[in-house]
Every structure is written in C-alpha cells, then in structure tokens.
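Colleague: If it helps, the file is called my_file.tsv and holds TSV, C-alpha atoms:
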chain	number	residue	atom	x	y	z
P	1	MET	CA	88.32	-134.88	-233.87
P	2	ARG	CA	87.96	-136.16	-230.32
P	3	HIS	CA	87.20	-132.77	-228.81
P	4	VAL	CA	84.78	-130.10	-230.00
P	5	LEU	CA	85.24	-126.65	-228.52
P	6	LEU	CA	81.92	-124.89	-228.94
P	7	ASP	CA	80.99	-121.23	-228.72
P	8	PHE	CA	77.90	-120.49	-226.63
P	9	ASP	CA	76.17	-117.34	-227.91
P	10	GLY	CA	75.17	-118.24	-231.46
P	11	PRO	CA	75.68	-121.99	-231.89
P	12	VAL	CA	73.81	-122.90	-228.69
P	13	CYS	CA	71.45	-119.99	-228.08
P	14	SER	CA	70.88	-116.31	-228.69
P	15	VAL	CA	71.86	-115.00	-225.26
P	16	PHE	CA	70.44	-111.49	-225.61
P	17	ASP	CA	67.31	-112.36	-227.60
P	18	GLY	CA	64.90	-111.64	-224.71
P	19	PHE	CA	67.07	-109.07	-222.93
P	20	PRO	CA	68.63	-107.10	-225.80
P	21	ALA	CA	72.32	-106.33	-225.69
P	22	PRO	CA	71.86	-102.51	-225.75
P	23	GLU	CA	69.63	-102.76	-222.65
P	24	VAL	CA	72.20	-104.93	-220.91
P	25	ALA	CA	74.93	-102.41	-221.78
P	26	ARG	CA	72.82	-99.56	-220.38
P	27	GLU	CA	72.20	-101.50	-217.18
P	28	LEU	CA	75.90	-102.20	-216.83
P	29	LEU	CA	76.78	-98.58	-217.53
P	30	SER	CA	74.32	-97.37	-214.88
P	31	GLN	CA	76.39	-99.22	-212.28
P	32	MET	CA	79.67	-97.62	-213.28
P	33	PRO	CA	80.84	-94.90	-210.89
P	34	GLU	CA	82.98	-93.11	-213.45
P	35	ARG	CA	83.34	-92.35	-217.19
P	36	SER	CA	79.71	-93.19	-217.96
P	37	ASP	CA	79.51	-90.38	-220.53
P	38	VAL	CA	82.62	-91.62	-222.34
P	39	TRP	CA	81.25	-95.16	-222.64
P	40	ALA	CA	77.60	-94.22	-223.29
P	41	GLY	CA	77.74	-94.99	-227.02
P	42	GLU	CA	78.78	-98.62	-226.52
P	43	THR	CA	75.77	-100.91	-227.09
P	44	ASP	CA	77.59	-104.26	-226.94
P	45	PRO	CA	77.99	-105.24	-223.27
P	46	LEU	CA	81.02	-107.45	-223.92
P	47	ALA	CA	82.70	-104.70	-225.93
P	48	LEU	CA	81.87	-102.31	-223.09
P	49	LEU	CA	83.51	-104.63	-220.58
P	50	ARG	CA	86.58	-104.84	-222.79
P	51	ARG	CA	86.78	-101.05	-222.95
P	52	ILE	CA	86.48	-100.81	-219.19
P	53	GLY	CA	89.29	-103.33	-218.83
P	54	ASP	CA	91.49	-101.42	-221.26
P	55	GLU	CA	90.79	-97.93	-219.93
P	56	ARG	CA	90.04	-98.53	-216.25
P	57	PRO	CA	91.31	-101.98	-215.23
P	58	ASP	CA	90.65	-101.11	-211.59
P	59	LEU	CA	86.91	-101.12	-212.39
P	60	ALA	CA	86.96	-104.36	-214.38
P	61	PRO	CA	86.25	-106.83	-211.53
P	62	ALA	CA	83.17	-104.94	-210.32
P	63	ALA	CA	81.96	-104.44	-213.89
P	64	ASP	CA	82.42	-108.15	-214.57
P	65	ASP	CA	80.42	-109.03	-211.45
P	66	ARG	CA	77.54	-106.87	-212.64
P	67	LEU	CA	77.66	-108.09	-216.23
P	68	SER	CA	77.77	-111.72	-215.09
P	69	ALA	CA	74.57	-111.18	-213.11
P	70	LEU	CA	72.94	-109.51	-216.11
P	71	GLU	CA	73.97	-112.39	-218.37
P	72	VAL	CA	72.44	-114.91	-215.98
P	73	GLU	CA	69.24	-112.88	-216.18
P	74	ALA	CA	69.51	-112.80	-219.98
P	75	VAL	CA	69.86	-116.56	-220.43
P	76	LEU	CA	66.54	-117.05	-218.62
P	77	ARG	CA	65.01	-115.47	-221.74
P	78	ALA	CA	67.53	-116.69	-224.31
P	79	ARG	CA	66.31	-118.27	-227.54
P	80	PRO	CA	67.69	-121.77	-228.21
P	81	THR	CA	69.42	-122.18	-231.55
P	82	ALA	CA	67.76	-124.75	-233.78
P	83	GLY	CA	70.08	-127.75	-233.92
P	84	GLY	CA	72.36	-126.55	-231.12
P	85	ALA	CA	71.25	-129.20	-228.62
P	86	ALA	CA	71.11	-131.83	-231.38
P	87	PHE	CA	74.72	-131.05	-232.28
P	88	MET	CA	75.87	-131.64	-228.71
P	89	GLU	CA	73.91	-134.88	-228.58
P	90	SER	CA	75.45	-136.00	-231.89
P	91	CYS	CA	78.92	-135.28	-230.55
P	92	ARG	CA	78.31	-137.49	-227.54
P	93	THR	CA	76.78	-140.24	-229.68
P	94	SER	CA	79.81	-140.18	-232.00
P	95	GLY	CA	82.28	-140.32	-229.11
P	96	ARG	CA	83.35	-136.68	-229.04
P	97	ARG	CA	83.59	-134.51	-225.97
P	98	VAL	CA	82.16	-130.99	-226.03
P	99	TRP	CA	83.80	-128.10	-224.20
P	100	MET	CA	81.97	-124.79	-224.08
P	101	VAL	CA	84.28	-121.83	-224.78
P	102	SER	CA	82.69	-118.39	-224.67
P	103	ASN	CA	83.23	-114.72	-223.97
P	104	ASN	CA	80.12	-114.90	-221.80
P	105	ALA	CA	80.30	-115.53	-218.08
P	106	THR	CA	80.67	-119.15	-216.97
P	107	ALA	CA	77.79	-118.67	-214.52
P	108	ALA	CA	75.44	-117.76	-217.39
P	109	ILE	CA	76.58	-120.72	-219.51
P	110	THR	CA	76.10	-123.11	-216.60
P	111	ARG	CA	72.65	-121.73	-215.81
P	112	TYR	CA	71.46	-122.12	-219.40
P	113	LEU	CA	72.81	-125.65	-219.79
P	114	THR	CA	71.25	-126.74	-216.49
P	115	ASP	CA	67.88	-125.14	-217.20
P	116	HIS	CA	67.72	-126.80	-220.63
P	117	GLY	CA	68.94	-130.22	-219.52
P	118	LEU	CA	72.15	-129.96	-221.55
P	119	ASP	CA	74.77	-130.07	-218.82
P	120	ASP	CA	75.40	-133.79	-219.29
P	121	TYR	CA	76.47	-133.16	-222.89
P	122	VAL	CA	79.25	-130.76	-221.89
P	123	SER	CA	82.53	-131.82	-220.28
P	124	GLY	CA	83.42	-128.31	-219.13
P	125	SER	CA	82.58	-124.65	-219.61
P	126	PHE	CA	85.17	-121.90	-220.01
P	127	GLY	CA	83.75	-118.39	-219.92
P	128	ARG	CA	85.90	-115.27	-219.75
P	129	VAL	CA	88.30	-115.06	-216.82
P	130	HIS	CA	86.66	-112.94	-214.14
P	131	GLY	CA	87.93	-109.37	-214.12
P	132	GLN	CA	90.19	-110.02	-217.12
P	133	PRO	CA	88.34	-108.93	-220.29
P	134	ALA	CA	91.54	-109.47	-222.28
P	135	SER	CA	90.97	-113.21	-221.84
P	136	MET	CA	88.04	-113.00	-224.28
P	137	LYS	CA	88.38	-114.20	-227.86
P	138	PRO	CA	90.15	-113.47	-230.18
P	139	SER	CA	92.64	-114.28	-227.43
P	140	PRO	CA	93.35	-118.04	-227.42
P	141	ARG	CA	93.39	-118.05	-223.59
P	142	LEU	CA	90.03	-119.78	-223.09
P	143	LEU	CA	90.70	-122.36	-225.78
P	144	ALA	CA	94.05	-123.15	-224.17
P	145	ASP	CA	92.32	-123.57	-220.81
P	146	ALA	CA	89.82	-125.99	-222.37
P	147	MET	CA	92.57	-128.01	-224.05
P	148	ARG	CA	94.43	-128.21	-220.77
P	149	ALA	CA	91.34	-129.56	-219.02
P	150	ALA	CA	90.81	-132.05	-221.85
P	151	ASP	CA	94.48	-133.06	-221.81
P	152	ALA	CA	94.33	-132.60	-225.58
P	153	LYS	CA	96.56	-131.27	-228.32
P	154	PRO	CA	95.33	-128.72	-230.90
P	155	GLY	CA	95.25	-131.36	-233.61
P	156	GLU	CA	92.71	-133.33	-231.59
P	157	CYS	CA	90.35	-130.37	-231.37
P	158	ILE	CA	88.16	-128.23	-233.55
P	159	PHE	CA	86.38	-125.02	-232.64
P	160	VAL	CA	82.85	-124.12	-233.76
P	161	GLY	CA	81.87	-120.47	-233.59
P	162	ASP	CA	79.85	-117.79	-235.36
P	163	ALA	CA	82.29	-114.87	-235.37
P	164	VAL	CA	85.58	-113.98	-237.03
P	165	ARG	CA	87.11	-113.64	-233.56
P	166	ASP	CA	86.31	-117.33	-232.99
P	167	VAL	CA	88.27	-118.34	-236.09
P	168	GLU	CA	91.13	-116.05	-235.07
P	169	ALA	CA	91.22	-117.51	-231.56
P	170	ALA	CA	91.22	-121.05	-232.95
P	171	HIS	CA	94.13	-120.31	-235.26
P	172	ALA	CA	96.04	-118.62	-232.44
P	173	ALA	CA	95.52	-121.79	-230.38
P	174	GLY	CA	96.77	-123.94	-233.26
P	175	MET	CA	93.48	-125.59	-234.27
P	176	ASN	CA	91.01	-125.40	-237.13
P	177	ALA	CA	87.59	-123.78	-236.92
P	178	ILE	CA	84.17	-124.37	-238.41
P	179	GLY	CA	82.07	-121.26	-238.89
P	180	TYR	CA	78.36	-121.03	-238.15
P	181	ALA	CA	76.92	-118.30	-240.37
P	182	ASN	CA	73.68	-117.33	-238.66
P	183	LYS	CA	73.34	-113.93	-240.35
P	184	PRO	CA	73.70	-112.65	-243.91
P	185	GLY	CA	77.28	-111.87	-244.86
P	186	LYS	CA	78.82	-114.06	-242.18
P	187	ALA	CA	79.61	-116.97	-244.50
P	188	GLU	CA	81.97	-114.82	-246.55
P	189	SER	CA	83.66	-113.21	-243.54
P	190	LEU	CA	84.14	-116.56	-241.78
P	191	THR	CA	85.57	-118.12	-244.94
P	192	THR	CA	87.89	-115.17	-245.45
P	193	ALA	CA	89.06	-115.51	-241.85
P	194	GLY	CA	90.12	-119.08	-242.60
P	195	ALA	CA	87.33	-121.36	-241.36
P	196	ILE	CA	87.80	-124.81	-242.92
P	197	GLY	CA	84.06	-125.06	-243.42
P	198	VAL	CA	80.98	-122.90	-242.93
P	199	VAL	CA	77.43	-124.03	-242.20
P	200	THR	CA	74.26	-121.99	-242.05
P	201	SER	CA	72.46	-124.45	-239.78
P	202	MET	CA	73.54	-126.24	-236.62
P	203	GLU	CA	71.22	-129.06	-237.69
P	204	THR	CA	73.51	-129.62	-240.68
P	205	LEU	CA	76.47	-129.84	-238.34
P	206	ALA	CA	74.58	-132.24	-236.06
P	207	ARG	CA	74.03	-134.62	-238.98
P	208	ALA	CA	77.66	-134.31	-240.03
P	209	ALA	CA	78.86	-135.19	-236.52
P	210	LEU	CA	76.90	-138.45	-236.61
P	211	VAL	CA	78.70	-139.59	-239.73
P	212	SER	CA	82.12	-138.38	-238.50
P	213	ARG	CA	82.46	-135.52	-241.01
P	214	LEU	CA	84.15	-133.15	-238.57
Rewrite the structure of this file - the entire thing - as structure tokens.
Modeller:
Amino acid sequence: MRHVLLDFDGPVCSVFDGFPAPEVARELLSQMPERSDVWAGETDPLALLRRIGDERPDLAPAADDRLSALEVEAVLRARPTAGGAAFMESCRTSGRRVWMVSNNATAAITRYLTDHGLDDYVSGSFGRVHGQPASMKPSPRLLADAMRAADAKPGECIFVGDAVRDVEAAHAAGMNAIGYANKPGKAESLTTAGAIGVVTSMETLARAALVSRL
C-alpha cells in the first residue's frame, strides 16, 4: 500500500493518559450553557460532543472550540505509544506516506506531532470537521478527505486503528483496515469487525512495514 491512514489516539499516543477523559468531559460540560444535567453522565468527551451535535447542533461549534482547547492541553501530557513513532518512520523508509485520521481535533494532533518531532513523517492530518461531530468515525468522511488530499484510490490505502469504529469507517470508505489491539478483548472485536489483521504491538507493525508486509 502506498498510503497508510493512521489513527492518532491509540496507535500514536494515549491522548488522555495525563488528563483523563472523564475530567476533560467534566471541563467541557462546565462550559455548556444548557442541558448540563442531561449530559452529566457522559464521561467520554468525544461521545459528549457527538451527543451535543445530535441534540443541540446550535451548541456544537462552541463545544468543539472548547474541546479542541482541552485536547491541546491533554496532548501536552499524552503518553507516547511504544512503536508508534517507529511505525511512522518505517512507513517513510519503505516509501509509504502517512496520513493522520482521527476523531480528535486537528490542532491537538498537530501540536503533539510538532512537540515530538514527528511532523515530518506525516503528509497531512485530518481531525474531525469543526462543529460537525457527525464527521467523526465510523463515518468515512475523514478518510475520504485524506484520500482526496493524497489523490489516492481506496485500493492504494490501508487504515490502522484501535477501535471497531475505525474498521467500520475503513470499510465504508472502501479500504481494508489493520487493527491495533491495545487492550484485552480488542483483538476479537477488531477481527469480528473485519480487520484483515490484528497486532498487539505497534513495534510489530513497524517491523512489518520495513519488509513490505502491509
């Protein structure tokens, strides 16, 4: 494959490792002018943003602004995934281009890559469309945007992600997916979703990329 579309949170780093997702969700909720009691049980900030978009689309742009700022703060304390940087380096060495495709904000992705000296390994980053939570995976929207920027067809691409929604988005975009099972039980769920292969280490995938087994 000439193009690798790569998820950010999971394969590259653990975004909310130092600023836990429930705390981020509470911070986001504290900025919402309405319906805070209805959404109070949501501990996943991205799921919370999706609910806001579904139930109060008029509030989605402001909520996205606030969450983007919180995500930028979170990546300052994010934990790098072992093998994540090596995988990107292997892709470049083997002549593949990497395109970051994530439900996280593009600003947070860019900040992390720059801070960790990884921006040269990535041809482009495609976070969720601002104010449009429905653009997040499992929608194929972001993958389609990346393919358009790469001037590539689905058959020239593969997507690497750690969630069932990543596999679903890849299939909806017409491409295959490799699953990264970073937690117990994920290997089975990713396989069931239709991933053509599942790894439990990004270091394994980095070695595979060097010998063209992608």
Colleague: Within 9 Å of Ser90 in chain P, counting only C-alpha atoms, which residues show up once you throw out same-chain ones fewer than 2 positions away? Write them as a VMD selection string, please.
Modeller: chain P and resid 85 to 88 92 to 96 205 to 210
Colleague: How far is it from CA of Met147 in chain P to CA of Ala69 in chain P, in Å with one decimal?
Modeller: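 Computing it gives 27.0 Å between the two atoms.
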Colleague: Find the residue from P:Met100, P:Ala105, P:Ala82, P:Ala152 that sits nearest to Thr200 in chain P; use only C-alpha atoms when measuring.
Modeller: P:Ala82
Colleague: Sorted by chain and rising residue number, list the residues of range 91-154 of chain P at most 12 Å from range 10-18 of chain P (counting only C-alpha atoms), each with its closest atom pair and distance in Å to one decimal, as JSON lines.
Modeller:
{"residue": "P:Val98", "atom": "CA", "partner": "P:Val12", "partner_atom": "CA", "distance": 11.9}
{"residue": "P:Met100", "atom": "CA", "partner": "P:Val12", "partner_atom": "CA", "distance": 9.6}
{"residue": "P:Val101", "atom": "CA", "partner": "P:Pro11", "partner_atom": "CA", "distance": 11.2}
{"residue": "P:Ser102", "atom": "CA", "partner": "P:Gly10", "partner_atom": "CA", "distance": 10.1}
{"residue": "P:Asn103", "atom": "CA", "partner": "P:Val15", "partner_atom": "CA", "distance": 11.4}
{"residue": "P:Asn104", "atom": "CA", "partner": "P:Val15", "partner_atom": "CA", "distance": 9.0}
{"residue": "P:Ala105", "atom": "CA", "partner": "P:Val15", "partner_atom": "CA", "distance": 11.1}
{"residue": "P:Ala108", "atom": "CA", "partner": "P:Val15", "partner_atom": "CA", "distance": 9.1}
{"residue": "P:Ile109", "atom": "CA", "partner": "P:Val15", "partner_atom": "CA", "distance": 9.4}
{"residue": "P:Arg111", "atom": "CA", "partner": "P:Val15", "partner_atom": "CA", "distance": 11.6}
{"residue": "P:Tyr112", "atom": "CA", "partner": "P:Cys13", "partner_atom": "CA", "distance": 8.9}
{"residue": "P:Leu113", "atom": "CA", "partner": "P:Val12", "partner_atom": "CA", "distance": 9.4}
{"residue": "P:His116", "atom": "CA", "partner": "P:Cys13", "partner_atom": "CA", "distance": 10.8}
{"residue": "P:Leu118", "atom": "CA", "partner": "P:Val12", "partner_atom": "CA", "distance": 10.2}
{"residue": "P:Val122", "atom": "CA", "partner": "P:Val12", "partner_atom": "CA", "distance": 11.7}
Colleague: Keeping only C-alpha atoms, write those residues as a short mmCIF file (atom, residue, chain, number, x, y, z; two decimals), keeping the file's coordinate frame.
Modeller:
data_model
loop_
_atom_site.label_atom_id
_atom_site.label_comp_id
_atom_site.auth_asym_id
_atom_site.auth_seq_id
_atom_site.Cartn_x
_atom_site.Cartn_y
_atom_site.Cartn_z
CA VAL P 98 82.16 -130.99 -226.03
CA MET P 100 81.97 -124.79 -224.08
CA VAL P 101 84.28 -121.83 -224.78
CA SER P 102 82.69 -118.39 -224.67
CA ASN P 103 83.23 -114.72 -223.97
CA ASN P 104 80.12 -114.90 -221.80
CA ALA P 105 80.30 -115.53 -218.08
CA ALA P 108 75.44 -117.76 -217.39
CA ILE P 109 76.58 -120.72 -219.51
CA ARG P 111 72.65 -121.73 -215.81
CA TYR P 112 71.46 -122.12 -219.40
CA LEU P 113 72.81 -125.65 -219.79
CA HIS P 116 67.72 -126.80 -220.63
CA LEU P 118 72.15 -129.96 -221.55
CA VAL P 122 79.25 -130.76 -221.89
#
Colleague: What's around Asp54 in chain P at 12 Å? Count only C-alpha atoms, leave out sequence neighbours fewer than 5 positions away in its own chain, and write the answer as an MDAnalysis selection string.
Modeller: chainID P and resid 47:49 59:60 131:135
Colleague: Residues within 7 Å of (78.8, -102.0, -214.4), file coordinates, counting all atoms listed in the file: what are they? Give the list as a PDB file with C-alpha atoms, keeping the file's coordinate frame.
Modeller:
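File written: selection_23.pdb
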ATOM      1  CA  LEU P  28      75.900-102.200-216.830  1.00  0.00           C
ATOM      2  CA  LEU P  29      76.780 -98.580-217.530  1.00  0.00           C
ATOM      3  CA  SER P  30      74.320 -97.370-214.880  1.00  0.00           C
ATOM      4  CA  GLN P  31      76.390 -99.220-212.280  1.00  0.00           C
ATOM      5  CA  MET P  32      79.670 -97.620-213.280  1.00  0.00           C
ATOM      6  CA  ALA P  62      83.170-104.940-210.320  1.00  0.00           C
ATOM      7  CA  ALA P  63      81.960-104.440-213.890  1.00  0.00           C
ATOM      8  CA  ARG P  66      77.540-106.870-212.640  1.00  0.00           C
ATOM      9  CA  LEU P  67      77.660-108.090-216.230  1.00  0.00           C
TER      10      LEU P  67
END
Colleague: Using Å and a single decimal, report how far CA of Arg128 in chain P sits from CA of Ala107 in chain P.
Modeller: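 Answer for the CA of Ala107 in chain P to CA of Arg128 in chain P separation: 10.2 Å.
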Colleague: What lies within 9 Å of Glu168 in chain P using all atoms listed in the file, ignoring chain neighbours under 6 positions off, as a ChimeraX atom specification?
Modeller: /P:137-140,177,193-194
Colleague: Would you please work out which residue, of P:Arg141, P:His130, P:Arg97, P:His3, is nearest to Ser68 in chain P when using all atoms listed in the file?
Modeller: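 Residue with the minimum atom-to-atom distance to Ser68 in chain P: P:His130.
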Colleague: Return the single residue from P:Val129, P:Arg148, P:Pro22, P:Glu55 that is closest to Val38 in chain P, with distances computed using all atoms listed in the file.
Modeller: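 Ranked by minimum distance to Val38 in chain P, first place goes to P:Glu55.
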Colleague: Which of these residues is nearest to Asp9 in chain P, using only C-alpha atoms: P:Pro57, P:Ala163, P:Gly155, P:Tyr121?
Modeller: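 The closest residue to Asp9 in chain P is P:Ala163.
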Colleague: When you count only C-alpha atoms, which of these residues is closest to Val164 in chain P: P:Glu27, P:Asp7, P:Thr110, P:Leu46?
Modeller: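 Answer, going by the shortest atom-to-atom distance: P:Asp7.
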